[in-house]
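Listing of input_32.cif; format and content: mmCIF, C-alpha atoms.
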data_input
loop_
_atom_site.label_atom_id
_atom_site.label_comp_id
_atom_site.auth_asym_id
_atom_site.auth_seq_id
_atom_site.Cartn_x
_atom_site.Cartn_y
_atom_site.Cartn_z
CA MET Y 239 124.24 -125.77 127.76
CA GLN Y 240 125.52 -124.54 131.04
CA HIS Y 241 128.36 -122.56 132.60
CA GLU Y 242 131.14 -121.65 130.16
CA ILE Y 243 129.28 -122.97 127.11
CA GLU Y 244 126.28 -120.79 127.87
CA GLN Y 245 128.42 -117.73 128.57
CA LEU Y 246 130.29 -118.27 125.30
CA THR Y 247 126.98 -118.48 123.42
CA ILE Y 248 125.89 -115.16 124.88
CA MET Y 249 129.23 -113.54 124.05
CA LEU Y 250 129.41 -114.83 120.45
CA ARG Y 251 125.79 -113.87 119.83
CA ARG Y 252 126.73 -110.24 120.42
CA LEU Y 253 129.32 -110.20 117.63
CA PRO Y 254 128.18 -108.39 114.47
CA GLY Y 255 126.57 -110.63 111.87
CA LEU Y 256 126.16 -113.58 114.23
CA GLY Y 257 122.53 -114.26 115.11
CA PRO Y 258 121.41 -116.84 117.68
CA ARG Y 259 121.46 -119.61 115.06
CA SER Y 260 124.82 -118.86 113.48
CA ALA Y 261 126.38 -118.33 116.93
CA LYS Y 262 125.21 -121.83 117.87
CA ARG Y 263 126.66 -123.28 114.68
CA VAL Y 264 130.01 -121.64 115.42
CA ILE Y 265 129.97 -122.89 119.03
CA LEU Y 266 129.09 -126.44 118.01
CA HIS Y 267 131.94 -126.36 115.48
CA LEU Y 268 134.32 -125.14 118.20
CA LEU Y 269 133.14 -127.59 120.90
CA LYS Y 270 133.85 -130.49 118.59
CA LYS Y 271 137.53 -129.53 118.45
CA PRO Y 272 138.54 -128.22 121.88
CA ASP Y 273 142.26 -128.97 121.48
CA SER Y 274 142.83 -128.56 117.75
CA LEU Y 275 140.70 -125.45 117.23
CA MET Y 276 139.43 -123.77 120.41
CA THR Y 277 142.70 -123.53 122.31
CA PRO Y 278 144.70 -122.22 119.30
CA LEU Y 279 141.90 -119.73 118.54
CA ALA Y 280 141.85 -118.51 122.15
CA ASP Y 281 145.66 -118.13 122.08
CA LEU Y 282 145.55 -116.21 118.81
CA ILE Y 283 142.79 -113.86 120.01
CA ALA Y 284 144.68 -113.22 123.27
CA LYS Y 285 147.95 -112.63 121.39
CA THR Y 286 146.27 -110.29 118.91
CA ALA Y 287 144.55 -108.35 121.72
CA ASP Y 288 147.94 -107.93 123.37
CA ARG Y 289 149.74 -106.74 120.27
CA VAL Y 290 147.16 -104.73 118.32
CA VAL Y 291 147.71 -100.97 118.24
CA THR Y 292 146.02 -98.13 116.40
CA CYS Y 293 148.46 -96.35 114.08
CA HIS Y 294 148.87 -92.86 115.55
CA ILE Y 295 149.22 -91.39 112.05
CA CYS Y 296 146.39 -92.93 110.01
CA GLY Y 297 144.22 -94.86 112.49
CA ASN Y 298 144.84 -98.27 110.87
CA PHE Y 299 145.08 -101.38 113.09
CA ASP Y 300 148.48 -103.04 113.12
CA VAL Y 301 150.98 -104.57 115.52
CA GLN Y 302 153.16 -101.47 115.18
CA SER Y 303 152.61 -97.72 115.13
CA PRO Y 304 153.23 -96.15 112.61
CA CYS Y 305 151.57 -99.02 110.75
CA GLU Y 306 153.16 -100.95 107.91
CA ILE Y 307 151.44 -98.79 105.28
CA CYS Y 308 152.59 -95.51 106.86
CA GLN Y 309 156.13 -96.89 107.16
CA ASP Y 310 156.29 -98.24 103.61
CA SER Y 311 158.75 -96.01 101.73
CA ALA Y 312 157.55 -97.38 98.39
CA ARG Y 313 154.14 -95.75 98.82
CA ASP Y 314 153.19 -92.35 97.43
CA ARG Y 315 153.23 -90.03 100.45
CA SER Y 316 151.60 -87.16 98.57
CA THR Y 317 148.22 -88.91 98.29
CA ILE Y 318 145.95 -89.66 101.25
CA CYS Y 319 142.74 -91.62 100.96
CA VAL Y 320 140.14 -90.79 103.62
CA VAL Y 321 138.02 -93.77 104.69
CA GLU Y 322 135.34 -94.29 107.30
CA GLU Y 323 136.59 -97.50 108.91
CA VAL Y 324 139.55 -99.86 108.80
CA ASP Y 325 137.55 -102.40 106.78
CA ASP Y 326 137.20 -99.82 104.00
CA LEU Y 327 141.01 -99.55 104.04
CA TRP Y 328 141.23 -103.35 103.84
CA ALA Y 329 138.78 -103.36 100.91
CA LEU Y 330 140.83 -100.75 99.01
CA GLU Y 331 144.10 -102.54 99.82
CA SER Y 332 142.73 -105.81 98.51
CA THR Y 333 142.21 -104.20 95.08
CA ASN Y 334 146.00 -103.75 94.77
CA SER Y 335 145.38 -100.60 92.77
CA TYR Y 336 146.09 -97.84 95.27
CA ASN Y 337 149.59 -96.94 96.33
CA GLY Y 338 149.07 -93.89 98.54
CA LEU Y 339 148.49 -93.52 102.27
CA TYR Y 340 145.23 -93.65 104.24
CA HIS Y 341 143.42 -91.78 106.93
CA VAL Y 342 140.77 -93.65 108.93
CA LEU Y 343 138.10 -91.35 110.39
CA GLY Y 344 136.62 -94.00 112.67
CA GLY Y 345 133.08 -93.16 111.57
CA ILE Y 346 131.19 -90.45 109.73
CA LEU Y 347 129.48 -87.28 110.90
CA SER Y 348 125.99 -88.10 112.04
CA PRO Y 349 124.14 -85.27 113.81
CA LEU Y 350 121.19 -87.58 114.56
CA ASP Y 351 123.48 -89.97 116.48
CA GLY Y 352 125.32 -87.07 118.08
CA ILE Y 353 128.58 -87.80 116.25
CA GLY Y 354 130.44 -84.57 115.60
CA PRO Y 355 133.89 -83.81 114.10
CA GLU Y 356 135.61 -84.07 117.51
CA ASP Y 357 134.33 -87.66 117.90
CA LEU Y 358 136.11 -88.65 114.68
CA ASN Y 359 139.72 -88.48 113.56
CA ILE Y 360 138.99 -85.25 111.61
CA PRO Y 361 141.11 -82.88 113.77
CA GLY Y 362 143.93 -85.43 113.35
CA LEU Y 363 143.50 -85.34 109.57
CA LEU Y 364 143.58 -81.53 109.40
CA GLU Y 365 146.70 -81.45 111.58
CA ARG Y 366 148.33 -84.17 109.50
CA LEU Y 367 147.60 -82.24 106.28
CA SER Y 368 149.01 -79.02 107.74
CA LYS Y 369 152.28 -80.74 108.63
CA SER Y 370 152.95 -82.78 105.50
CA HIS Y 371 153.00 -82.02 101.80
CA VAL Y 372 149.92 -83.67 100.34
CA ASN Y 373 148.88 -83.21 96.71
CA GLU Y 374 145.68 -85.18 96.63
CA LEU Y 375 143.09 -86.11 99.22
CA ILE Y 376 140.72 -88.85 98.01
CA MET Y 377 137.36 -88.95 99.79
CA ALA Y 378 136.52 -92.66 99.77
CA LEU Y 379 133.42 -92.25 101.92
CA GLY Y 380 130.05 -93.92 101.40
CA ALA Y 381 127.70 -92.39 98.83
CA THR Y 382 125.20 -91.66 101.58
CA VAL Y 383 123.93 -88.35 102.96
CA ASP Y 384 126.16 -88.67 106.05
CA GLY Y 385 129.16 -89.80 103.99
CA GLN Y 386 128.82 -86.87 101.63
CA SER Y 387 128.29 -84.32 104.45
CA THR Y 388 131.46 -85.61 106.09
CA ALA Y 389 133.34 -85.14 102.81
CA HIS Y 390 131.90 -81.61 102.50
CA TYR Y 391 132.86 -80.77 106.08
CA ILE Y 392 136.46 -81.78 105.47
CA THR Y 393 136.54 -80.02 102.08
CA ASP Y 394 135.27 -76.80 103.69
CA HIS Y 395 138.08 -76.88 106.23
CA LEU Y 396 140.68 -77.21 103.50
CA ASP Y 397 139.45 -74.16 101.61
CA GLY Y 398 142.40 -72.01 100.62
CA THR Y 399 144.95 -74.83 100.63
CA ASP Y 400 146.38 -76.18 97.37
CA ILE Y 401 145.33 -79.77 98.12
CA ASN Y 402 143.49 -81.40 95.24
CA ILE Y 403 140.37 -82.98 96.75
CA THR Y 404 138.75 -85.83 94.80
CA ARG Y 405 136.08 -88.42 95.49
CA LEU Y 406 135.36 -91.92 94.23
CA SER Y 407 133.19 -91.91 91.11
CA HIS Y 408 129.54 -92.76 91.48
CA GLY Y 409 127.71 -94.86 88.94
CA VAL Y 410 126.77 -98.34 87.81
CA PRO Y 411 128.76 -100.99 89.72
CA VAL Y 412 130.96 -102.98 87.38
CA GLY Y 413 129.11 -106.21 86.56
CA GLY Y 414 125.84 -104.65 87.72
CA GLU Y 415 122.57 -105.01 85.84
CA LEU Y 416 120.75 -101.74 85.10
CA ASP Y 417 117.30 -103.02 86.07
CA TYR Y 418 118.46 -103.91 89.58
CA LEU Y 419 119.78 -100.41 90.29
CA ASP Y 420 117.97 -97.77 92.26
CA GLU Y 421 116.85 -94.56 90.54
CA GLY Y 422 119.40 -92.36 92.33
CA THR Y 423 122.33 -94.38 91.02
CA LEU Y 424 120.90 -94.45 87.50
CA ILE Y 425 120.35 -90.67 87.48
CA THR Y 426 123.91 -90.11 88.74
CA ALA Y 427 125.34 -92.55 86.21
CA LEU Y 428 123.43 -90.81 83.41
CA LYS Y 429 124.49 -87.31 84.49
CA SER Y 430 128.14 -88.36 84.88
CA ARG Y 431 128.22 -90.18 81.54
CA ARG Y 432 131.57 -90.16 79.81
CA PRO Y 433 132.71 -90.44 76.19
CA VAL Y 434 133.34 -94.04 75.16
CA GLY Y 435 137.08 -94.59 74.77
CA GLU Y 436 138.09 -92.06 77.41
CA ASP Y 437 137.92 -94.73 80.09
CA THR Y 438 140.85 -96.75 78.93
CA ASP Y 439 144.38 -95.35 79.30
CA LYS Y 440 143.62 -92.38 81.53
CA ASP Y 441 141.76 -94.50 84.10
CA ARG Y 442 144.37 -97.20 84.13
CA GLN Y 443 147.06 -94.63 84.78
CA LYS Y 444 145.04 -93.13 87.60
CA ALA Y 445 144.28 -96.53 89.13
CA ASN Y 446 147.96 -97.37 89.27
CA LEU Y 447 148.79 -93.82 90.38
CA MET S 189 146.66 -106.48 107.96
CA GLN S 190 149.68 -108.39 109.02
CA HIS S 191 150.91 -110.93 111.54
CA GLU S 192 148.36 -111.87 114.21
CA ILE S 193 145.54 -109.85 112.63
CA GLU S 194 145.97 -111.66 109.32
CA GLN S 195 146.21 -115.07 110.98
CA LEU S 196 143.07 -114.33 112.97
CA THR S 197 141.23 -113.36 109.78
CA ILE S 198 142.19 -116.67 108.18
CA MET S 199 141.13 -118.61 111.27
CA LEU S 200 137.77 -116.85 111.71
CA ARG S 201 136.99 -117.17 108.01
CA ARG S 202 137.04 -120.95 108.39
CA LEU S 203 134.28 -120.98 111.00
CA PRO S 204 130.89 -122.11 109.67
CA GLY S 205 128.65 -119.30 108.46
CA LEU S 206 131.41 -116.70 108.44
CA GLY S 207 132.38 -115.62 104.93
CA PRO S 208 135.31 -113.29 104.16
CA ARG S 209 133.13 -110.22 104.66
CA SER S 210 131.45 -111.23 107.91
CA ALA S 211 134.79 -112.48 109.31
CA LYS S 212 136.24 -109.01 108.64
CA ARG S 213 133.29 -107.34 110.36
CA VAL S 214 133.79 -109.55 113.41
CA ILE S 215 137.54 -108.86 113.49
CA LEU S 216 137.06 -105.12 113.15
CA HIS S 217 134.55 -105.23 116.01
CA LEU S 218 137.05 -107.18 118.13
CA LEU S 219 140.07 -105.02 117.25
CA LYS S 220 138.22 -101.93 118.44
CA LYS S 221 137.94 -103.39 121.94
CA PRO S 222 141.15 -105.32 122.67
CA ASP S 223 140.86 -105.09 126.45
CA SER S 224 137.12 -105.02 127.05
CA LEU S 225 136.13 -107.68 124.51
CA MET S 226 139.03 -109.60 122.93
CA THR S 227 140.88 -110.60 126.10
CA PRO S 228 137.71 -111.73 127.95
CA LEU S 229 136.59 -113.64 124.83
CA ALA S 230 139.98 -115.36 124.52
CA ASP S 231 139.85 -116.28 128.22
CA LEU S 232 136.34 -117.67 127.91
CA ILE S 233 137.18 -119.73 124.80
CA ALA S 234 140.30 -121.11 126.50
CA LYS S 235 138.38 -121.90 129.70
CA THR S 236 135.55 -123.58 127.75
CA ALA S 237 138.04 -125.63 125.71
CA ASP S 238 139.63 -126.79 128.96
CA ARG S 239 136.37 -127.76 130.64
CA VAL S 240 134.14 -129.06 127.84
CA VAL S 241 133.52 -132.80 127.83
CA THR S 242 131.25 -135.06 125.81
CA CYS S 243 128.70 -136.83 128.01
CA HIS S 244 129.63 -140.53 127.88
CA ILE S 245 125.95 -141.49 128.07
CA CYS S 246 124.16 -139.27 125.56
CA GLY S 247 126.90 -137.43 123.64
CA ASN S 248 125.82 -133.95 124.78
CA PHE S 249 128.47 -131.28 125.42
CA ASP S 250 128.75 -130.15 129.03
CA VAL S 251 131.35 -129.38 131.68
CA GLN S 252 130.56 -132.69 133.39
CA SER S 253 129.92 -136.27 132.28
CA PRO S 254 127.20 -137.52 132.73
CA CYS S 255 125.79 -134.20 131.53
CA GLU S 256 123.28 -132.13 133.46
CA ILE S 257 120.34 -133.60 131.52
CA CYS S 258 121.42 -137.21 132.14
CA GLN S 259 121.93 -136.43 135.84
CA ASP S 260 118.60 -134.63 136.27
CA SER S 261 116.43 -136.91 138.40
CA ALA S 262 113.33 -134.89 137.50
CA ARG S 263 113.51 -136.04 133.87
CA ASP S 264 111.64 -139.02 132.47
CA ARG S 265 114.28 -141.75 132.10
CA SER S 266 111.99 -144.03 130.11
CA THR S 267 111.97 -141.79 127.03
CA ILE S 268 115.01 -141.15 124.83
CA CYS S 269 115.02 -138.70 121.95
CA VAL S 270 117.53 -139.52 119.20
CA VAL S 271 119.03 -136.43 117.52
CA GLU S 272 121.69 -135.92 114.88
CA GLU S 273 123.76 -133.21 116.56
CA VAL S 274 124.00 -131.32 119.83
CA ASP S 275 122.38 -128.25 118.26
CA ASP S 276 119.23 -130.31 117.61
CA LEU S 277 119.25 -131.14 121.33
CA TRP S 278 119.60 -127.42 122.11
CA ALA S 279 116.70 -126.63 119.75
CA LEU S 280 114.45 -129.21 121.43
CA GLU S 281 115.50 -128.07 124.91
CA SER S 282 114.67 -124.47 124.06
CA THR S 283 111.05 -125.47 123.40
CA ASN S 284 110.68 -126.44 127.10
CA SER S 285 108.23 -129.13 126.04
CA TYR S 286 110.31 -132.30 126.30
CA ASN S 287 111.22 -133.84 129.61
CA GLY S 288 112.96 -137.07 128.60
CA LEU S 289 116.60 -137.89 127.89
CA TYR S 290 118.55 -137.56 124.65
CA HIS S 291 120.95 -139.51 122.53
CA VAL S 292 123.21 -137.58 120.13
CA LEU S 293 124.31 -139.65 117.13
CA GLY S 294 126.97 -137.16 116.01
CA GLY S 295 125.74 -137.30 112.41
CA ILE S 296 123.52 -139.41 110.18
CA LEU S 297 124.24 -142.42 108.01
CA SER S 298 125.50 -141.30 104.64
CA PRO S 299 126.84 -144.04 102.38
CA LEU S 300 127.92 -141.45 99.78
CA ASP S 301 130.16 -139.72 102.35
CA GLY S 302 131.32 -143.07 103.70
CA ILE S 303 129.61 -142.56 107.08
CA GLY S 304 128.48 -145.91 108.48
CA PRO S 305 126.88 -146.94 111.81
CA GLU S 306 130.29 -147.44 113.46
CA ASP S 307 131.20 -143.79 112.71
CA LEU S 308 128.18 -142.62 114.67
CA ASN S 309 127.02 -143.16 118.24
CA ILE S 310 124.63 -145.94 117.09
CA PRO S 311 126.41 -148.88 118.80
CA GLY S 312 126.38 -146.74 121.97
CA LEU S 313 122.61 -146.23 121.59
CA LEU S 314 121.90 -149.95 121.13
CA GLU S 315 124.03 -150.80 124.16
CA ARG S 316 122.36 -148.07 126.21
CA LEU S 317 118.91 -149.40 125.27
CA SER S 318 119.87 -152.97 126.18
CA LYS S 319 121.01 -151.88 129.64
CA SER S 320 118.21 -149.55 130.67
CA HIS S 321 114.45 -149.76 130.69
CA VAL S 322 113.24 -147.47 127.89
CA ASN S 323 109.59 -147.25 126.88
CA GLU S 324 109.79 -144.82 124.00
CA LEU S 325 112.49 -143.90 121.53
CA ILE S 326 111.69 -140.69 119.60
CA MET S 327 113.47 -140.36 116.26
CA ALA S 328 114.00 -136.60 115.97
CA LEU S 329 116.08 -136.85 112.81
CA GLY S 330 115.82 -134.65 109.72
CA ALA S 331 113.04 -135.41 107.24
CA THR S 332 115.67 -136.17 104.59
CA VAL S 333 116.54 -139.42 102.83
CA ASP S 334 119.64 -139.88 105.02
CA GLY S 335 117.77 -138.92 108.19
CA GLN S 336 115.00 -141.40 107.49
CA SER S 337 117.41 -144.21 106.52
CA THR S 338 119.23 -143.67 109.81
CA ALA S 339 115.93 -143.93 111.66
CA HIS S 340 115.10 -147.13 109.72
CA TYR S 341 118.51 -148.60 110.47
CA ILE S 342 118.05 -148.07 114.20
CA THR S 343 114.43 -149.33 114.10
CA ASP S 344 115.57 -152.51 112.32
CA HIS S 345 118.10 -153.21 115.06
CA LEU S 346 115.43 -152.87 117.75
CA ASP S 347 113.12 -155.41 116.13
CA GLY S 348 111.81 -157.80 118.77
CA THR S 349 112.24 -155.42 121.69
CA ASP S 350 109.22 -153.83 123.35
CA ILE S 351 110.49 -150.28 122.83
CA ASN S 352 107.87 -148.01 121.32
CA ILE S 353 109.59 -146.20 118.43
CA THR S 354 108.09 -142.90 117.30
CA ARG S 355 109.15 -140.07 115.01
CA LEU S 356 108.41 -136.35 114.84
CA SER S 357 105.34 -135.59 112.75
CA HIS S 358 105.84 -134.29 109.23
CA GLY S 359 103.65 -131.60 107.77
CA VAL S 360 103.05 -127.89 107.38
CA PRO S 361 105.33 -125.86 109.69
CA VAL S 362 103.29 -123.89 112.21
CA GLY S 363 102.97 -120.35 110.85
CA GLY S 364 103.89 -121.58 107.36
CA GLU S 365 102.13 -120.47 104.21
CA LEU S 366 100.93 -123.29 101.96
CA ASP S 367 102.06 -121.69 98.72
CA TYR S 368 105.67 -121.50 99.92
CA LEU S 369 105.85 -125.22 100.71
CA ASP S 370 107.41 -127.84 98.49
CA GLU S 371 105.24 -130.56 96.96
CA GLY S 372 106.69 -133.33 99.14
CA THR S 373 105.66 -131.59 102.35
CA LEU S 374 102.21 -130.81 100.99
CA ILE S 375 101.64 -134.42 99.90
CA THR S 376 102.80 -135.66 103.35
CA ALA S 377 100.63 -133.13 105.13
CA LEU S 378 97.61 -134.14 103.05
CA LYS S 379 98.18 -137.88 103.57
CA SER S 380 98.71 -137.44 107.32
CA ARG S 381 95.66 -135.19 107.71
CA ARG S 382 93.93 -135.45 111.06
CA PRO S 383 90.41 -134.81 112.31
CA VAL S 384 89.89 -131.24 113.45
CA GLY S 385 89.60 -131.17 117.23
CA GLU S 386 91.83 -134.20 117.82
CA ASP S 387 94.88 -131.92 117.98
CA THR S 388 94.01 -130.23 121.22
CA ASP S 389 94.14 -132.16 124.49
CA LYS S 390 95.93 -135.28 123.26
CA ASP S 391 98.79 -133.31 121.71
CA ARG S 392 99.20 -131.07 124.69
CA GLN S 393 99.44 -134.08 126.96
CA LYS S 394 102.02 -135.66 124.66
CA ALA S 395 104.05 -132.47 124.45
CA ASN S 396 104.29 -132.25 128.21
CA LEU S 397 104.84 -136.02 128.42
#
This structure in structure tokens:
Amino acid sequence: MQHEIEQLTIMLRRLPGLGPRSAKRVILHLLKKPDSLMTPLADLIAKTADRVVTCHICGNFDVQSPCEICQDSARDRSTICVVEEVDDLWALESTNSYNGLYHVLGGILSPLDGIGPEDLNIPGLLERLSKSHVNELIMALGATVDGQSTAHYITDHLDGTDINITRLSHGVPVGGELDYLDEGTLITALKSRRPVGEDTDKDRQKANL
Amino acid sequence: MQHEIEQLTIMLRRLPGLGPRSAKRVILHLLKKPDSLMTPLADLIAKTADRVVTCHICGNFDVQSPCEICQDSARDRSTICVVEEVDDLWALESTNSYNGLYHVLGGILSPLDGIGPEDLNIPGLLERLSKSHVNELIMALGATVDGQSTAHYITDHLDGTDINITRLSHGVPVGGELDYLDEGTLITALKSRRPVGEDTDKDRQKANL
């Protein structure tokens, strides 16, 4: 492996989730199809790099700003779901059960890593909320210490407004086995237990908003 | 995710070892750095696709044919190591303990998948051996049924020549725990047991050829 092939190995190896072995597998797969796979892939990456923009309203990646979601008049503009990264937005979108808007923070508060509110899209969120009429703000942040402190930080700054702040429920993952769960989740699931039967209609209505 | 971003997701998801989740992580990583990462990556892939060639002697990928290994006058031209794919060649090269040439078959015989000798670089190997003076042919093929049948097929076709045909040793991987090994490997390792002490100088000499 020399020249371009070696450089490409080094570059692909730095991508998240690709170790030395998997990077080599990808490269071998590519090298076998220079014309039918590599050239189209290079064109598509170059084209995407040219066209991708960050939505100036919500922080989503799209080829237009405002992004397709922010422009969609069929979506409920009174609900904003706060997520850490664009892939969380993608994950929620793929459920097809949320019809509101989003706000991508671009990370979570992490004092240990020196990430403060000004490093994230939090000032943008507060400004956005002050300018538009939002009924509900859903904190769809990770159930981690940093995720929850970020949610608290935002909640604190909205004290006195009439925005209804909610968070995703914590508990047993659907399809999850109890004996594989950590204690923290089990304790939370036990404390937040709900009457059998309540789950049905109310939840479905909420899920479809 | 629309347009180019969606197309790129679909394309990356088809690469080996990248599932839907890891493809999304890679894309998110790329989208965050359109100018500093995506454009250079696209350029490098395009440039590599333009320049990559398959060595007409050994089947290695390089930017020249004959490849760098085949052209290297410091290498032992009387030894050829037969491998299944180019990544096996890379793996052997990274050990820095082999100084001969290679021959990449581009796969192994697999009657169930309809892969016969003419689909692989086996005719090329036999022709190469008939034209050059080779002392040793090392079968560095997988210790699988298909790998061993491929080795047997080649060996059969070299019957009557004075080429010394060898194969990689089978046994306990170095650093491997016995209780994690499958029975087949253990039986092989036991049958191929060697006197303690024999391993040292002889093996080192062989490894450095």
Show me, as a Markdown table, the residues of chain S having an atom within 8 Å of chain Y, each with the closest atom pair and its distance in Å, using all atoms listed in the file.
| residue | atom | partner | partner_atom | distance |
| --- | --- | --- | --- | --- |
| S:Met189 | CA | Y:Asp300 | CA | 6.5 |
| S:Gln190 | CA | Y:Asp300 | CA | 6.8 |
| S:His191 | CA | Y:Val301 | CA | 7.5 |
| S:Glu192 | CA | Y:Thr286 | CA | 5.4 |
| S:Ile193 | CA | Y:Thr286 | CA | 6.3 |
| S:Gln195 | CA | Y:Leu282 | CA | 7.9 |
| S:Leu196 | CA | Y:Leu282 | CA | 6.6 |
| S:Met199 | CA | Y:Leu279 | CA | 7.4 |
| S:Leu203 | CA | Y:Val264 | CA | 6.2 |
| S:Pro204 | CA | Y:Val264 | CA | 5.8 |
| S:Gly205 | CA | Y:Ser260 | CA | 6.3 |
| S:Ser210 | CA | Y:Gly255 | CA | 6.3 |
| S:Lys212 | CA | Y:Asp325 | CA | 7.0 |
| S:Arg213 | CA | Y:Pro254 | CA | 6.6 |
| S:Val214 | CA | Y:Pro254 | CA | 5.8 |
| S:Leu216 | CA | Y:Asp325 | CA | 6.9 |
| S:His217 | CA | Y:Pro254 | CA | 7.3 |
| S:Leu219 | CA | Y:Ala287 | CA | 7.2 |
| S:Pro222 | CA | Y:Ala287 | CA | 4.7 |
| S:Asp223 | CA | Y:Ala287 | CA | 6.8 |
| S:Met226 | CA | Y:Ala287 | CA | 5.8 |
| S:Thr227 | CA | Y:Ala284 | CA | 5.4 |
| S:Leu229 | CA | Y:Met249 | CA | 7.4 |
| S:Ala230 | CA | Y:Ala280 | CA | 4.4 |
| S:Asp231 | CA | Y:Ala280 | CA | 6.8 |
| S:Leu232 | CA | Y:Leu246 | CA | 6.6 |
| S:Ile233 | CA | Y:Ala280 | CA | 5.5 |
| S:Ala234 | CA | Y:Ala280 | CA | 5.3 |
| S:Lys235 | CA | Y:Glu242 | CA | 7.3 |
| S:Thr236 | CA | Y:Glu242 | CA | 5.4 |
| S:Ala237 | CA | Y:Pro272 | CA | 4.7 |
| S:Asp238 | CA | Y:Pro272 | CA | 7.3 |
| S:Val240 | CA | Y:Leu269 | CA | 7.2 |
| S:Phe249 | CA | Y:Met239 | CA | 7.3 |
| S:Asp250 | CA | Y:Met239 | CA | 6.4 |
| S:Val251 | CA | Y:His241 | CA | 7.5 |
| S:Val274 | CA | Y:Leu266 | CA | 7.3 |
| S:Asp275 | CA | Y:Leu266 | CA | 7.0 |
| S:Trp278 | CA | Y:Met239 | CA | 7.5 |
Name every residue that the PyMOL selection byres ((chain Y and resi 404-419) around 8) selects in this structure, writing the answer as a tab-separated table (two decimals) with C-alpha atoms, keeping the file's coordinate frame with chains first and numbers rising.
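Result went into part.tsv, see below:
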chain	number	residue	atom	x	y	z
Y	374	GLU	CA	145.68	-85.18	96.63
Y	375	LEU	CA	143.09	-86.11	99.22
Y	376	ILE	CA	140.72	-88.85	98.01
Y	377	MET	CA	137.36	-88.95	99.79
Y	378	ALA	CA	136.52	-92.66	99.77
Y	379	LEU	CA	133.42	-92.25	101.92
Y	381	ALA	CA	127.70	-92.39	98.83
Y	402	ASN	CA	143.49	-81.40	95.24
Y	403	ILE	CA	140.37	-82.98	96.75
Y	420	ASP	CA	117.97	-97.77	92.26
Y	421	GLU	CA	116.85	-94.56	90.54
Y	423	THR	CA	122.33	-94.38	91.02
Y	424	LEU	CA	120.90	-94.45	87.50
Y	426	THR	CA	123.91	-90.11	88.74
Y	427	ALA	CA	125.34	-92.55	86.21
Y	430	SER	CA	128.14	-88.36	84.88
### Task
May I have the residues within 9 Å of Leu358 in chain Y as a ChimeraX atom specification, using only C-alpha atoms and disregarding those fewer than 3 positions away in the same chain?
/Y:342-347,353-355,361-362
### Task
Work out how far CA of Val321 in chain Y is from CA of Ser370 in chain Y, in Å to one decimal.
18.6 Å
#### Entry: Val322 in chain S surroundings by only C-alpha atoms, 10 Å radius, close-in-sequence under 2 positions cut, as a list in words
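The residues that qualify are Asp264, Arg265, Ser266, Thr267, Ile268, Arg316, Leu317, Ser318, Lys319, Ser320, Glu324, Leu325, Asp350, Ile351 and Asn352 of chain S.
Candidate residues Y:His294, Y:Ile248, Y:Asn337, Y:Asp326 were compared for distance to Ala312 in chain Y, and the nearest is Y:Asn337, using only C-alpha atoms.
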